[in-house]
Amino acid sequence: MIRRVHTENGWVRGLPAADPRITSYKGIPFADKPIGPNRWRAPQPCPDWEGELFCADFGPIAMQANCAGDPKKDIYAREWAVDAELPMSEDCLYLNVWAPADGRKNMPVYVWYFGGGLQVGNTTEMEFDGERIARRGVVVVTVGYRLNAFGFLCHPEITKQQPDAPANFGFLDQQAATRWVKRNIAAFGGDPDNITIGGQSAGGMSVCAQMTCPGNKGLFQRAIVQSGTFARPYGDQFGLFPRSMEQSEQQGVRFFEALGVKTLEEARQLDARTIENKSLEWPWGCWSEAVDGVFSTYPSAQWYLHPERVICPVLLGQTSSEFTAAPDCKTEEDLEKLAEAVFPDKKDEFLSHFTRPATEETIFTEGNIHAIDFAIRAASVNNKENGIDQPLYAYNFDAEIPGWDNPGTFHSVDLWFFFETLAKCWRPFTGKHYDLARNMCDYWVNFIKNGDPNGLDSQGRELPLWPRLDEANPVRMLFKDDSRPVKWALSKLESFLISEHLKREGK
């Protein structure tokens, strides 16, 4: 069994996973430490090491708020953030590999970016164990990257000093890790020309960002976006939509003032905990993507509007009860003002989709739309209108989730399923859940292998057909008690809003 691999920087030794036919390599550095002069700088080349690096433990997690809280009150503390004492450091640029150890070559590769709003998260979370996917003949890589003020702060002095990489350091970390994979993954048995990138929540948003980066063409062949693509049905802001570079730089100026520093050099000399604590004690808002004109040339949430993006097969979807958007209106007068502001040329048509006179209740009931559904269908319509033939495969996760908290299909719960790590969860999952997880993992692996989720399951049986999303006959996969394709109809209001959204955002 292969437990020792040579990378461009030196030898690494892994350990047998729970299944000894898989080797796990945890905590492989892919870049130099982003500390001191490397803080708020694009990731730098990793120095070589002597001898053999024993990769038995995850690297430190990125600087962030400690999310381990009261499991009785906080569903995420109950579900994942169970260890309040994880090693945390600004030195966080490490990745982990799970690879079949039998010597196979040219296996497909899956590179995973974790979620957490770009503010928190890490690769050590138990649901991200790549072993079950690797058992199906895939090399799995999970990537650590900088978060919050360390990963997404901007400042005029940074821009002046390093115009080729002035912002979005967390995204640059992901890009550097994926490039490391392309250069090194053959040593682990992976095919550098068969890479799928994927992520959930902010990790899914990161996938969108990587698809939009001009420098990423040829870096990966397909993408998976889970609960990470959003659109704005009513023209308002939703989620971590990016700021302009000017707005982001001004946020950084205010942050330096709060830190009591006048120069970038002084800020780089502060200890990491001081920076993290200050970022948490003042209402800065989220640290997020900046449209810097280099990595990000337009808001990555608009990925599907731009044919110059990385065009590739995309698998995307969400859980059924997350991220809805409704008009921010309580009265008939409010609704009319919204119509005038957002749809001035189609005011009457927009208002015709609501009961009149409108009330707060009817506005919410009739206007509430799943913001991820909306973005997926907008992407599908836009692909059709622009003759983009690369497939989209859409899904909705609506399984019954057991537990005393009766949580519903809360944001991120599907992670247990497609990673097929249900046995690590405290919830009393039963046979139907394990069957569903196995099916989902099979679909994901098929897509990772060849850009199409269809094919055989892990038992050699044909999976239920998952059609590509086609506006002539729109169907998506429903993951509920089983896996089955379902017709995906739009309401008249949704159709109107998508048409207007594409006109407005596509200008």
# chains A, B, ... in the order shown; residues from 1 in each chain; ligands from 1
call {"tool": "closest_atom_pairs", "arguments": {"of": "region 139-241 of chain A", "to": "region 408-415 of chain A", "cutoff": "12 Å", "atoms": "only C-alpha atoms", "output": "CSV"}}
result
residue,atom,partner,partner_atom,distance
A:Gly198,CA,A:Leu415,CA,11.9
A:Gly199,CA,A:Leu415,CA,9.9
A:Gln200,CA,A:Ser412,CA,7.4
A:Ser201,CA,A:Ser412,CA,7.5
A:Ala202,CA,A:Ser412,CA,10.8
A:Gly203,CA,A:Ser412,CA,11.1
A:Gly204,CA,A:Ser412,CA,11.3
A:Gln226,CA,A:Ser412,CA,8.8
A:Ser227,CA,A:His411,CA,7.8
A:Gly228,CA,A:Ser412,CA,10.6
call {"tool": "residues_around", "arguments": {"residues": "region 38-47 of chain A", "least_positions_apart": "2", "cutoff": "10 Å", "atoms": "only C-alpha atoms", "output": "number ranges by chain"}}
result
A: 8-10, 29-36, 49, 90-91, 93, 145-146, 149-155, 158, 161-162, 164-177, 180, 264-265, 267-269, 272
call {"tool": "atom_distance", "arguments": {"atom1": "CA of Leu280 (chain A)", "atom2": "CA of Ser296 (chain A)"}}
result
25.8 Å
call {"tool": "select_by_dssp", "arguments": {"residues": "region 54-193 of chain A", "states": "alpha helix (DSSP H)", "output": "PyMOL selection string"}}
result
chain A and resi 75-79+131-134+148-152+156-161+169-184
call {"tool": "atom_distance", "arguments": {"atom1": "CA of Trp444 (chain A)", "atom2": "CA of Phe323 (chain A)"}}
result
23.0 Å
call {"tool": "residues_around", "arguments": {"residues": "region 494-507 of chain A", "least_positions_apart": "2", "cutoff": "12 Å", "atoms": "only C-alpha atoms", "output": "PyMOL selection string"}}
result
chain A and resi 231-236+298-299+301-307+325-327+339+342-353+366-371+373-383+385-386+471+488-492
call {"tool": "residues_around", "arguments": {"residues": "Gly121 (chain A)", "least_positions_apart": "6", "cutoff": "10 Å", "atoms": "only C-alpha atoms", "output": "VMD selection string"}}
result
chain A and resid 61 to 67 80 to 81 113 to 115 144 to 147 202 to 203
call {"tool": "closest_residue", "arguments": {"among": "A:Leu465, A:Val120, A:Ala187, A:Ala84", "to": "Arg4 (chain A)", "atoms": "only C-alpha atoms"}}
result
A:Ala187
